[in-house]
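Below is work-v7.txt, holding compact mmCIF, C-alpha atoms (C1' of nucleotides).
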# COMPACT_ATOMS: atom_id res chain seq x y z
CA MET A 1 0.00 0.00 0.00
CA SER A 2 1.55 3.25 -1.15
CA ASN A 3 1.80 6.30 1.03
CA ARG A 4 -0.61 8.25 -1.08
CA SER A 5 -3.19 5.53 -0.72
CA ASN A 6 -2.81 5.40 3.01
CA VAL A 7 -3.20 9.15 3.40
CA THR A 8 -6.48 9.05 1.51
CA LYS A 9 -7.71 6.14 3.58
CA GLN A 10 -7.00 7.99 6.81
CA LYS A 11 -8.74 11.06 5.43
CA LEU A 12 -11.78 8.95 4.69
CA LEU A 13 -11.84 7.43 8.16
CA ASP A 14 -11.41 10.88 9.66
CA ALA A 15 -14.30 12.19 7.60
CA ALA A 16 -16.54 9.28 8.55
CA THR A 17 -15.68 9.73 12.22
CA ASP A 18 -16.30 13.44 12.03
CA ILE A 19 -19.70 12.99 10.42
CA ILE A 20 -20.88 10.30 12.78
CA MET A 21 -19.87 12.38 15.77
CA ASN A 22 -21.18 15.76 14.70
CA HIS A 23 -24.19 14.83 12.62
CA GLY A 24 -25.18 11.35 13.75
CA VAL A 25 -25.40 7.97 12.15
CA HIS A 26 -28.17 8.73 9.71
CA GLN A 27 -26.01 11.36 8.04
CA LEU A 28 -23.21 8.90 7.44
CA THR A 29 -23.76 8.42 3.71
CA LEU A 30 -21.10 7.55 1.18
CA ASP A 31 -21.67 10.81 -0.68
CA GLU A 32 -21.26 12.80 2.49
CA VAL A 33 -18.12 10.98 3.57
CA ALA A 34 -16.56 11.42 0.14
CA LYS A 35 -17.47 15.09 0.05
CA THR A 36 -16.13 15.74 3.55
CA ALA A 37 -12.89 13.94 2.77
CA GLY A 38 -12.49 15.88 -0.47
CA VAL A 39 -12.64 12.68 -2.50
CA SER A 40 -15.10 11.45 -5.07
CA LYS A 41 -17.48 8.65 -4.27
CA GLY A 42 -15.66 6.45 -6.74
CA GLY A 43 -12.44 7.17 -4.90
CA LEU A 44 -14.01 6.18 -1.61
CA LEU A 45 -15.31 2.90 -2.97
CA TYR A 46 -11.94 2.20 -4.50
CA HIS A 47 -10.41 2.02 -1.03
CA TYR A 48 -13.41 0.69 0.88
CA PRO A 49 -15.53 -1.42 -1.47
CA SER A 50 -18.65 -1.10 0.65
CA LYS A 51 -20.11 1.00 3.40
CA GLU A 52 -19.72 -1.93 5.75
CA ALA A 53 -16.00 -2.10 4.97
CA LEU A 54 -15.69 1.58 5.76
CA MET A 55 -17.44 1.22 9.08
CA THR A 56 -15.47 -1.83 10.02
CA ALA A 57 -12.21 -0.03 9.31
CA MET A 58 -13.40 2.92 11.33
CA VAL A 59 -14.23 0.80 14.36
CA GLU A 60 -11.05 -1.21 13.99
CA ARG A 61 -8.92 1.92 14.06
CA LEU A 62 -10.70 3.10 17.18
CA GLN A 63 -10.20 -0.24 18.86
CA GLN A 64 -6.52 -0.17 18.13
CA GLU A 65 -6.06 3.37 19.42
CA GLN A 66 -7.93 2.47 22.54
CA ASN A 67 -5.93 -0.68 23.17
CA GLU A 68 -2.70 1.26 22.76
CA LEU A 69 -3.77 3.92 25.21
CA TYR A 70 -4.90 1.32 27.70
CA ALA A 71 -1.62 -0.54 27.43
CA SER A 72 0.40 2.65 27.86
CA LEU A 73 -1.59 3.51 30.98
CA GLN A 74 -0.86 0.12 32.45
CA GLN A 75 2.82 0.56 31.68
CA GLU A 76 2.71 3.77 33.67
CA GLY A 77 1.89 1.58 36.66
CA TYR A 78 -1.87 1.86 36.88
CA GLY A 79 -3.80 -1.31 37.68
CA PRO A 80 -6.35 -2.70 35.24
CA VAL A 81 -9.36 -1.01 36.82
CA GLU A 82 -7.76 2.37 37.42
CA ALA A 83 -6.30 2.30 33.93
CA PHE A 84 -9.80 1.73 32.64
CA VAL A 85 -11.12 4.77 34.48
CA ARG A 86 -8.25 6.92 33.28
CA LEU A 87 -8.77 5.62 29.76
CA PHE A 88 -12.20 7.20 29.78
CA ASP A 89 -10.98 10.31 31.43
CA GLU A 90 -7.78 10.87 29.52
CA THR A 91 -8.85 13.06 26.63
CA LYS A 92 -11.47 14.88 28.65
CA LEU A 93 -9.28 16.20 31.41
CA HIS A 94 -6.00 16.24 29.51
CA PRO A 95 -6.76 17.24 25.94
CA GLU A 96 -3.12 18.07 25.39
CA ARG A 97 -2.35 14.41 25.72
CA ALA A 98 -4.70 13.66 22.86
CA ALA A 99 -1.74 12.99 20.63
CA ILE A 100 -3.10 9.50 20.91
CA GLN A 101 -6.21 10.95 19.41
CA ILE A 102 -9.09 9.08 20.91
CA ASP A 103 -12.43 10.36 21.96
CA VAL A 104 -14.25 7.77 23.95
CA GLU A 105 -17.58 9.24 23.13
CA LYS A 106 -17.13 7.77 19.71
CA MET A 107 -17.90 4.38 21.13
CA ILE A 108 -21.48 5.32 21.71
CA ALA A 109 -21.93 6.49 18.18
CA PHE A 110 -20.27 3.36 16.91
CA LEU A 111 -22.44 1.17 19.04
CA THR A 112 -25.44 2.35 17.10
CA LEU A 113 -23.76 1.07 13.98
CA PHE A 114 -24.02 -2.41 15.35
CA GLU A 115 -27.57 -2.64 14.22
CA VAL A 116 -26.34 -2.41 10.66
CA ASP A 117 -23.28 -4.65 10.75
CA GLN A 118 -24.29 -7.57 12.90
CA GLU A 119 -21.41 -9.81 11.97
CA TYR A 120 -18.74 -7.38 13.02
CA ALA A 121 -20.77 -6.49 16.05
CA ASN A 122 -20.51 -10.04 17.30
CA ARG A 123 -16.77 -10.10 16.85
CA TRP A 124 -16.37 -6.90 18.81
CA LYS A 125 -18.76 -8.08 21.46
CA HIS A 126 -16.63 -11.14 21.93
CA ASP A 127 -13.52 -9.02 22.41
CA LEU A 128 -15.28 -6.86 24.96
CA ASP A 129 -16.62 -9.90 26.77
CA THR A 130 -13.15 -11.32 27.29
CA PHE A 131 -11.89 -7.90 28.35
CA PHE A 132 -14.59 -7.37 30.92
CA ALA A 133 -14.25 -10.92 32.19
CA GLN A 134 -11.18 -9.84 34.17
CA PHE A 135 -13.33 -7.27 35.95
CA GLN A 136 -15.21 -10.11 37.58
CA GLN A 137 -12.00 -11.46 39.14
CA THR A 138 -11.00 -8.40 41.14
CA ALA A 139 -11.10 -8.00 44.91
CA ASP A 140 -14.56 -6.44 44.62
CA PRO A 141 -16.33 -7.44 41.41
CA VAL A 142 -19.52 -5.63 42.36
CA GLU A 143 -17.76 -2.31 42.86
CA THR A 144 -15.63 -2.86 39.78
CA MET A 145 -18.67 -3.38 37.62
CA ILE A 146 -20.35 -0.33 39.14
CA ILE A 147 -17.31 1.72 38.18
CA ARG A 148 -17.40 0.36 34.66
CA TYR A 149 -21.12 0.95 34.26
CA ALA A 150 -20.85 4.43 35.72
CA LEU A 151 -18.22 5.37 33.17
CA GLU A 152 -20.24 4.03 30.29
CA GLY A 153 -23.37 5.75 31.53
CA MET A 154 -21.46 8.99 31.94
CA MET A 155 -20.18 8.68 28.40
CA MET A 156 -23.64 8.16 27.07
CA SER A 157 -25.07 11.02 29.07
CA GLU A 158 -22.34 13.32 27.79
CA HIS A 159 -22.82 12.19 24.24
CA PHE A 160 -26.52 12.92 24.21
CA GLY A 161 -26.16 15.90 26.51
CA VAL A 162 -28.88 14.80 28.92
CA GLY A 163 -28.65 15.76 32.56
CA VAL A 164 -25.02 16.79 32.35
CA PRO A 165 -23.72 18.02 35.72
CA PRO A 166 -21.47 21.08 36.17
CA ALA A 167 -17.75 20.63 35.58
CA GLU A 168 -16.77 20.55 39.27
CA LEU A 169 -19.21 17.79 40.03
CA LYS A 170 -18.04 15.86 37.02
CA GLN A 171 -14.45 16.10 38.19
CA ALA A 172 -15.44 15.04 41.68
CA ILE A 173 -17.22 12.00 40.27
CA ILE A 174 -14.20 10.95 38.27
CA ALA A 175 -11.92 11.56 41.23
CA ARG A 176 -13.98 9.27 43.40
CA LEU A 177 -14.07 6.60 40.72
CA ILE A 178 -10.31 6.75 40.36
CA GLU A 179 -9.90 6.53 44.12
CA ARG A 180 -12.04 3.41 44.33
CA ALA A 181 -10.45 1.82 41.30
CA HIS A 182 -7.08 2.40 42.91
CA ASP A 183 -8.18 0.65 46.09
CA ILE A 184 -9.57 -2.30 44.19
CA ASP A 185 -6.40 -2.72 42.17
CA ARG A 186 -4.32 -2.61 45.34
CA GLU A 187 -6.37 -5.31 47.02
CA SER A 188 -6.46 -7.56 43.96
CA MET B 1 -61.35 10.40 19.22
CA SER B 2 -63.44 7.26 19.01
CA ASN B 3 -62.54 4.08 20.80
CA ARG B 4 -61.87 2.26 17.57
CA SER B 5 -59.42 4.91 16.52
CA ASN B 6 -57.61 4.78 19.82
CA VAL B 7 -57.24 1.02 19.70
CA THR B 8 -55.60 1.23 16.28
CA LYS B 9 -53.29 3.97 17.46
CA GLN B 10 -52.15 1.87 20.41
CA LYS B 11 -51.63 -1.10 18.11
CA LEU B 12 -49.43 1.04 15.91
CA LEU B 13 -47.36 2.28 18.85
CA ASP B 14 -47.02 -1.27 20.11
CA ALA B 15 -45.85 -2.42 16.70
CA ALA B 16 -43.32 0.39 16.40
CA THR B 17 -41.98 -0.32 19.88
CA ASP B 18 -41.74 -4.01 19.14
CA ILE B 19 -39.83 -3.45 15.92
CA ILE B 20 -37.40 -0.95 17.36
CA MET B 21 -36.65 -3.24 20.29
CA ASN B 22 -36.33 -6.55 18.46
CA HIS B 23 -34.97 -5.47 15.11
CA GLY B 24 -33.36 -2.10 15.67
CA VAL B 25 -33.95 1.41 14.44
CA HIS B 26 -33.05 0.80 10.84
CA GLN B 27 -35.89 -1.68 10.51
CA LEU B 28 -38.42 0.84 11.72
CA THR B 29 -40.05 1.58 8.37
CA LEU B 30 -43.62 2.66 7.86
CA ASP B 31 -44.37 -0.44 5.84
CA GLU B 32 -43.01 -2.68 8.57
CA VAL B 33 -44.92 -0.92 11.32
CA ALA B 34 -48.15 -1.07 9.35
CA LYS B 35 -47.64 -4.73 8.55
CA THR B 36 -46.83 -5.63 12.16
CA ALA B 37 -49.86 -3.74 13.44
CA GLY B 38 -52.07 -5.41 10.86
CA VAL B 39 -52.94 -2.08 9.30
CA SER B 40 -52.29 -0.68 5.87
CA LYS B 41 -49.73 2.01 5.32
CA GLY B 42 -52.51 4.40 4.45
CA GLY B 43 -54.18 3.58 7.72
CA LEU B 44 -51.00 4.28 9.62
CA LEU B 45 -50.51 7.65 7.98
CA TYR B 46 -54.11 8.49 8.64
CA HIS B 47 -53.45 8.39 12.38
CA TYR B 48 -49.85 9.55 12.38
CA PRO B 49 -49.30 11.85 9.39
CA SER B 50 -45.53 11.35 9.38
CA LYS B 51 -42.88 9.04 10.69
CA GLU B 52 -41.77 11.77 13.05
CA ALA B 53 -45.29 12.00 14.48
CA LEU B 54 -45.26 8.27 15.09
CA MET B 55 -41.92 8.37 16.86
CA THR B 56 -42.91 11.33 18.97
CA ALA B 57 -46.08 9.59 20.08
CA MET B 58 -44.08 6.49 20.88
CA VAL B 59 -41.61 8.37 23.07
CA GLU B 60 -44.35 10.37 24.69
CA ARG B 61 -46.18 7.23 25.73
CA LEU B 62 -43.00 5.80 27.19
CA GLN B 63 -42.34 8.97 29.13
CA GLN B 64 -45.80 8.93 30.61
CA GLU B 65 -45.58 5.27 31.64
CA GLN B 66 -42.23 5.91 33.22
CA ASN B 67 -43.41 8.96 35.14
CA GLU B 68 -46.35 7.02 36.47
CA LEU B 69 -44.19 4.16 37.65
CA TYR B 70 -41.74 6.53 39.29
CA ALA B 71 -44.56 8.35 41.07
CA SER B 72 -46.07 5.09 42.28
CA LEU B 73 -42.71 4.00 43.66
CA GLN B 74 -42.37 7.24 45.57
CA GLN B 75 -45.86 6.77 46.96
CA GLU B 76 -44.77 3.41 48.26
CA GLY B 77 -42.36 5.32 50.44
CA TYR B 78 -39.12 5.11 48.51
CA GLY B 79 -36.98 8.25 48.36
CA PRO B 80 -36.19 9.91 45.02
CA VAL B 81 -32.87 8.15 44.50
CA GLU B 82 -33.96 4.70 45.58
CA ALA B 83 -37.13 5.04 43.54
CA PHE B 84 -34.94 5.82 40.56
CA VAL B 85 -32.91 2.65 41.08
CA ARG B 86 -36.01 0.55 41.52
CA LEU B 87 -37.52 2.16 38.45
CA PHE B 88 -34.72 0.65 36.41
CA ASP B 89 -34.91 -2.63 38.20
CA GLU B 90 -38.62 -3.09 38.39
CA THR B 91 -39.47 -5.04 35.25
CA LYS B 92 -36.21 -6.96 35.29
CA LEU B 93 -36.52 -8.55 38.71
CA HIS B 94 -40.29 -8.51 38.96
CA PRO B 95 -41.67 -9.24 35.52
CA GLU B 96 -45.04 -10.08 37.05
CA ARG B 97 -45.37 -6.46 38.01
CA ALA B 98 -45.01 -5.44 34.39
CA ALA B 99 -48.70 -4.64 34.32
CA ILE B 100 -47.35 -1.15 34.07
CA GLN B 101 -45.70 -2.39 30.94
CA ILE B 102 -42.42 -0.57 30.74
CA ASP B 103 -39.11 -1.87 29.59
CA VAL B 104 -36.41 0.56 30.43
CA GLU B 105 -34.19 -0.75 27.73
CA LYS B 106 -36.48 1.02 25.35
CA MET B 107 -34.86 4.26 26.34
CA ILE B 108 -31.65 3.28 24.68
CA ALA B 109 -33.35 2.47 21.45
CA PHE B 110 -35.28 5.68 21.62
CA LEU B 111 -32.16 7.67 22.26
CA THR B 112 -30.90 6.70 18.87
CA LEU B 113 -34.03 8.21 17.43
CA PHE B 114 -32.88 11.56 18.67
CA GLU B 115 -30.60 11.89 15.75
CA VAL B 116 -33.64 11.94 13.51
CA ASP B 117 -36.02 14.12 15.47
CA GLN B 118 -33.86 16.89 16.89
CA GLU B 119 -36.66 19.17 17.92
CA TYR B 120 -38.39 16.65 20.10
CA ALA B 121 -35.05 15.52 21.41
CA ASN B 122 -34.40 18.96 22.82
CA ARG B 123 -37.73 19.02 24.58
CA TRP B 124 -37.07 15.66 26.19
CA LYS B 125 -33.56 16.68 27.11
CA HIS B 126 -34.97 19.66 28.95
CA ASP B 127 -37.32 17.47 30.94
CA LEU B 128 -34.51 15.13 31.88
CA ASP B 129 -32.29 18.04 32.86
CA THR B 130 -34.81 19.32 35.35
CA PHE B 131 -35.37 15.82 36.67
CA PHE B 132 -31.69 15.13 37.22
CA ALA B 133 -31.17 18.55 38.75
CA GLN B 134 -32.62 17.25 42.02
CA PHE B 135 -29.92 14.59 42.06
CA GLN B 136 -27.37 17.32 42.58
CA GLN B 137 -29.10 18.44 45.77
CA THR B 138 -28.90 15.19 47.73
CA ALA B 139 -26.71 14.47 50.74
CA ASP B 140 -24.05 13.01 48.44
CA PRO B 141 -24.37 14.34 44.88
CA VAL B 142 -21.26 12.53 43.72
CA GLU B 143 -22.50 9.14 44.84
CA THR B 144 -25.99 9.90 43.56
CA MET B 145 -24.66 10.66 40.10
CA ILE B 146 -22.52 7.53 40.17
CA ILE B 147 -25.62 5.51 40.92
CA ARG B 148 -27.48 7.16 38.10
CA TYR B 149 -24.66 6.68 35.61
CA ALA B 150 -24.16 3.08 36.66
CA LEU B 151 -27.80 2.30 35.99
CA GLU B 152 -27.70 3.93 32.59
CA GLY B 153 -24.48 2.18 31.71
CA MET B 154 -25.89 -1.13 32.87
CA MET B 155 -28.94 -0.58 30.70
CA MET B 156 -26.79 0.15 27.71
CA SER B 157 -24.56 -2.83 28.32
CA GLU B 158 -27.60 -5.09 28.59
CA HIS B 159 -29.18 -3.66 25.51
CA PHE B 160 -26.14 -4.29 23.35
CA GLY B 161 -25.22 -7.47 25.18
CA VAL B 162 -21.59 -6.50 25.72
CA GLY B 163 -19.75 -7.76 28.77
CA VAL B 164 -22.90 -8.85 30.55
CA PRO B 165 -22.09 -10.37 33.97
CA PRO B 166 -23.77 -13.53 35.34
CA ALA B 167 -27.16 -13.11 36.98
CA GLU B 168 -25.90 -13.39 40.57
CA LEU B 169 -23.40 -10.60 40.05
CA LYS B 170 -26.02 -8.47 38.39
CA GLN B 171 -28.34 -8.91 41.36
CA ALA B 172 -25.53 -8.10 43.74
CA ILE B 173 -24.79 -4.91 41.84
CA ILE B 174 -28.39 -3.77 41.96
CA ALA B 175 -28.62 -4.68 45.64
CA ARG B 176 -25.63 -2.54 46.45
CA LEU B 177 -27.00 0.36 44.42
CA ILE B 178 -30.31 0.14 46.23
CA GLU B 179 -28.54 0.02 49.55
CA ARG B 180 -26.56 3.17 48.79
CA ALA B 181 -29.54 4.97 47.33
CA HIS B 182 -31.44 4.19 50.49
CA ASP B 183 -28.68 5.67 52.64
CA ILE B 184 -28.52 8.80 50.54
CA ASP B 185 -32.26 9.31 50.71
CA ARG B 186 -32.18 8.89 54.47
CA GLU B 187 -29.47 11.49 54.92
CA SER B 188 -31.06 13.97 52.54
C1' DT C 1 3.95 2.59 -20.41
C1' DC C 2 1.37 0.48 -17.13
C1' DA C 3 -0.94 0.04 -12.97
C1' DA C 4 -2.68 2.39 -9.15
C1' DA C 5 -5.62 6.17 -7.83
C1' DC C 6 -9.06 8.69 -8.65
C1' DA C 7 -13.59 11.11 -11.10
C1' DA C 8 -18.39 11.22 -12.53
C1' DA C 9 -22.34 9.67 -14.70
C1' DC C 10 -25.53 6.16 -14.01
C1' DC C 11 -28.64 2.33 -12.03
C1' DG C 12 -31.76 -0.27 -8.90
C1' DT C 13 -33.76 -0.44 -4.63
C1' DC C 14 -35.69 1.16 -0.62
C1' DT C 15 -38.67 4.26 1.75
C1' DG C 16 -41.34 8.26 3.31
C1' DG C 17 -45.19 10.34 1.78
C1' DT C 18 -49.38 11.35 -1.58
C1' DC C 19 -53.75 10.43 -3.51
C1' DG C 20 -57.87 8.58 -5.21
C1' DG C 21 -60.97 5.48 -3.75
C1' DT C 22 -63.79 2.15 -0.46
C1' DA C 23 -66.56 0.54 3.74
C1' DC C 24 -69.55 1.79 6.99
C1' DA C 25 -72.05 3.98 10.74
C1' DG C 26 -75.13 7.29 11.77
C1' DA C 27 -77.77 11.72 10.71
C1' DA C 28 -80.94 14.08 7.66
C1' DA C 29 -84.40 14.17 4.28
C1' DG C 30 -88.31 12.38 1.78
C1' DC D 1 -89.19 3.09 6.39
C1' DT D 2 -86.29 4.13 2.62
C1' DT D 3 -83.06 7.04 0.56
C1' DT D 4 -79.51 10.24 0.58
C1' DC D 5 -75.79 12.49 2.66
C1' DT D 6 -71.61 12.98 5.56
C1' DG D 7 -67.63 12.17 8.18
C1' DT D 8 -64.48 8.75 10.07
C1' DA D 9 -61.46 4.94 9.40
C1' DC D 10 -58.86 2.55 6.25
C1' DC D 11 -56.83 0.59 1.78
C1' DG D 12 -53.23 0.15 -1.79
C1' DA D 13 -51.22 1.79 -6.00
C1' DC D 14 -48.11 5.14 -7.08
C1' DC D 15 -44.38 8.82 -6.91
C1' DA D 16 -40.01 11.26 -5.92
C1' DG D 17 -35.92 11.50 -3.68
C1' DA D 18 -32.12 9.38 -1.27
C1' DC D 19 -28.60 6.14 -1.07
C1' DG D 20 -25.48 2.08 -1.87
C1' DG D 21 -23.10 0.31 -5.44
C1' DT D 22 -21.46 -0.29 -10.67
C1' DT D 23 -19.34 1.08 -14.77
C1' DT D 24 -16.63 3.59 -17.60
C1' DG D 25 -13.41 6.90 -18.40
C1' DT D 26 -9.37 9.88 -16.88
C1' DT D 27 -5.28 11.33 -14.36
C1' DT D 28 -0.97 10.53 -11.93
C1' DG D 29 3.31 8.75 -10.69
C1' DA D 30 7.01 5.35 -10.87

Show me, as structure tokens, the structure contained in the file I just sent.
Amino acid sequence: MSNRSNVTKQKLLDAATDIIMNHGVHQLTLDEVAKTAGVSKGGLLYHYPSKEALMTAMVERLQQEQNELYASLQQEGYGPVEAFVRLFDETKLHPERAAIQIDVEKMIAFLTLFEVDQEYANRWKHDLDTFFAQFQQTADPVETMIIRYALEGMMMSEHFGVGVPPAELKQAIIARLIERAHDIDRES
Amino acid sequence: MSNRSNVTKQKLLDAATDIIMNHGVHQLTLDEVAKTAGVSKGGLLYHYPSKEALMTAMVERLQQEQNELYASLQQEGYGPVEAFVRLFDETKLHPERAAIQIDVEKMIAFLTLFEVDQEYANRWKHDLDTFFAQFQQTADPVETMIIRYALEGMMMSEHFGVGVPPAELKQAIIARLIERAHDIDRES
DNA sequence: TCAAACAAACCGTCTGGTCGGTACAGAAAG
DNA sequence: CTTTCTGTACCGACCAGACGGTTTGTTTGA
């Protein structure tokens, strides 16, 4: 794969991500993606032969970015649970660190795609299942799962903008989650 | 509005709800709704002149059911936070009580509709904002919000079937959330 | 010069919505 | 009592636009 080709592919994934985040799933049409990326529709379908292929690539890139960030957090010494909390928090509280460009809110948008691409959905589900399985082996599985759910719920709430608390409260919530995650990791 | 008319309208809302829950948003077409309800497409559009009108009516009915259930829980003596937890839990642990037929998972599906009907979305968002505002006035706003987020995240996780814990763990999680909600309500 | 990397017109399907018509229950008219 | 009229509820063929994908032609770079 030449460099030129790869650049275009990234542009297309960027465009698709941008659209799905700022205008929602129903606006994610091939024409719109091509237009946003500054490429013709033919050009798009040259690289991604179907809409499904485009979406799959988009999700796959996200997954990879997320895994890398999670791994780097663990290498910094954080335990699995705390690393998970910080994974969610990272780009929100430290946007300067977003060199590893990942916006966790994307996940929500992508989740809605699952209804279209069932096959890939199942593969991803399986990955997530094995990941979350470790959360049931900690010193306090109940609390661990509450932390996980709280983060996902917070993400969703933020994404849809419903009942969003003021910034201080949000920070306090995250701080408490980190604190608890830290304790759990220490006891595990 | 005659009785006959109302029956048909309810049938249509039931059909739409059924489709969106069991087959996802992208299957929610007018033809499919009409077919499921045993009504012609013309008949559907006679009662709900547009797809948007149908969706709005669907969400409005859900909202009403939910408000009624929440109010009834508070009348049983539960505080606002605990009532909220039990609201989520109700139909899951006590399906026999589902006379007040409400499946909270619907919310998730409906949320995805928001990307289609922005105007109504904003109205609902406003309602939710005022509702959740009280959660920031409890004895422990941070914990209250964590409880709320955890429930929403749990809902989402269940809906998409990702990383779902075994039943015992799920029950333990809900039990702990109820316990904490109870404490918060008592101190408030 | 040749293949990769695009562009753009075009096609078929799906879907929201329109429109002319039908069935029928009751009111009004004779 | 019969006929005519009227409004509600509903049907189903049809239309127009949107959208995913194909085809064919053109440019670009090694």

Distance atom CA of B:Leu12-atom C1' of C:DG17, one decimal place?
->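 Atom-to-atom, atom CA of B:Leu12 and atom C1' of C:DG17 are spaced 17.4 Å apart.
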
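For chain B, the residues no farther than 12 Å from chain D when using only C-alpha atoms (C1' of nucleotides) are Met1, Ser2, Asn3, Arg4, Ser5, Asn6, Val7, Thr8, Lys9, Asp31, Ala34, Gly38, Val39, Ser40, Lys41, Gly42, Gly43, Leu44, Leu45, Tyr46 and His47 of chain B.
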
Quick one: which chain C residues come within 12 Å of chain B, and what is the nearest atom pair for each with the distance in Å to one decimal, counting all atoms listed in the file, rows ordered by chain and ascending number, as a Markdown table?
| residue | atom | partner | partner_atom | distance |
| --- | --- | --- | --- | --- |
| C:DC14 | C1' | B:Thr29 | CA | 10.0 |
| C:DT15 | C1' | B:Thr29 | CA | 7.3 |
| C:DG16 | C1' | B:Leu30 | CA | 7.6 |
| C:DG17 | C1' | B:Ser50 | CA | 7.7 |
| C:DT18 | C1' | B:Gly42 | CA | 9.7 |
| C:DC19 | C1' | B:Gly42 | CA | 10.1 |
| C:DG20 | C1' | B:Gly42 | CA | 11.8 |
| C:DG21 | C1' | B:Gly42 | CA | 11.8 |

Neighbours of chain A in chain B at 8 Å, counting only C-alpha atoms, as a ChimeraX atom specification | /B:23-26,111-112,115-116,125-126,128-133,136,141-143,145-154,156-157,160-165,169,172-173,176

Please provide the set of residues having any atom within 10 Å of A:Glu82, restricted to only C-alpha atoms (C1' of nucleotides), with same-chain residues fewer than 5 positions apart removed, written as JSON, numbers by chain.
-> {"A": [73, 74, 77, 87, 144, 147, 177, 178, 179, 180, 181, 182, 183, 184, 185, 186]}

Could you tell me how far atom CA of B:Ala15 lies from atom CA of B:Phe88, in Å and to one decimal?
-> 22.8 Å

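Counting from atom CA of A:His159, the distance to atom CA of A:Leu62 is 16.7 Å.
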
Point out the residue among B:Met58, B:Ser188, B:Glu168, B:Glu158 with the least atom-to-atom distance to B:Gln134, counting only C-alpha atoms.
->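 Ranking B:Met58, B:Ser188, B:Glu168, B:Glu158 by distance to B:Gln134, first place goes to B:Ser188.
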
Contact residues around B:Glu60 with only C-alpha atoms (C1' of nucleotides) at 10 Å, ignoring same-chain residues under 6 positions, as an MDAnalysis selection string = chainID B and resid 54 66 120 124

Export of the given selection (C-alpha atoms) as an mmCIF file, in the coordinates of the input:
data_model
loop_
_atom_site.group_PDB
_atom_site.id
_atom_site.type_symbol
_atom_site.label_atom_id
_atom_site.label_comp_id
_atom_site.auth_asym_id
_atom_site.auth_seq_id
_atom_site.Cartn_x
_atom_site.Cartn_y
_atom_site.Cartn_z
ATOM 1 C CA LEU B 54 -45.260 8.270 15.090
ATOM 2 C CA GLN B 66 -42.230 5.910 33.220
ATOM 3 C CA TYR B 120 -38.390 16.650 20.100
ATOM 4 C CA TRP B 124 -37.070 15.660 26.190
#
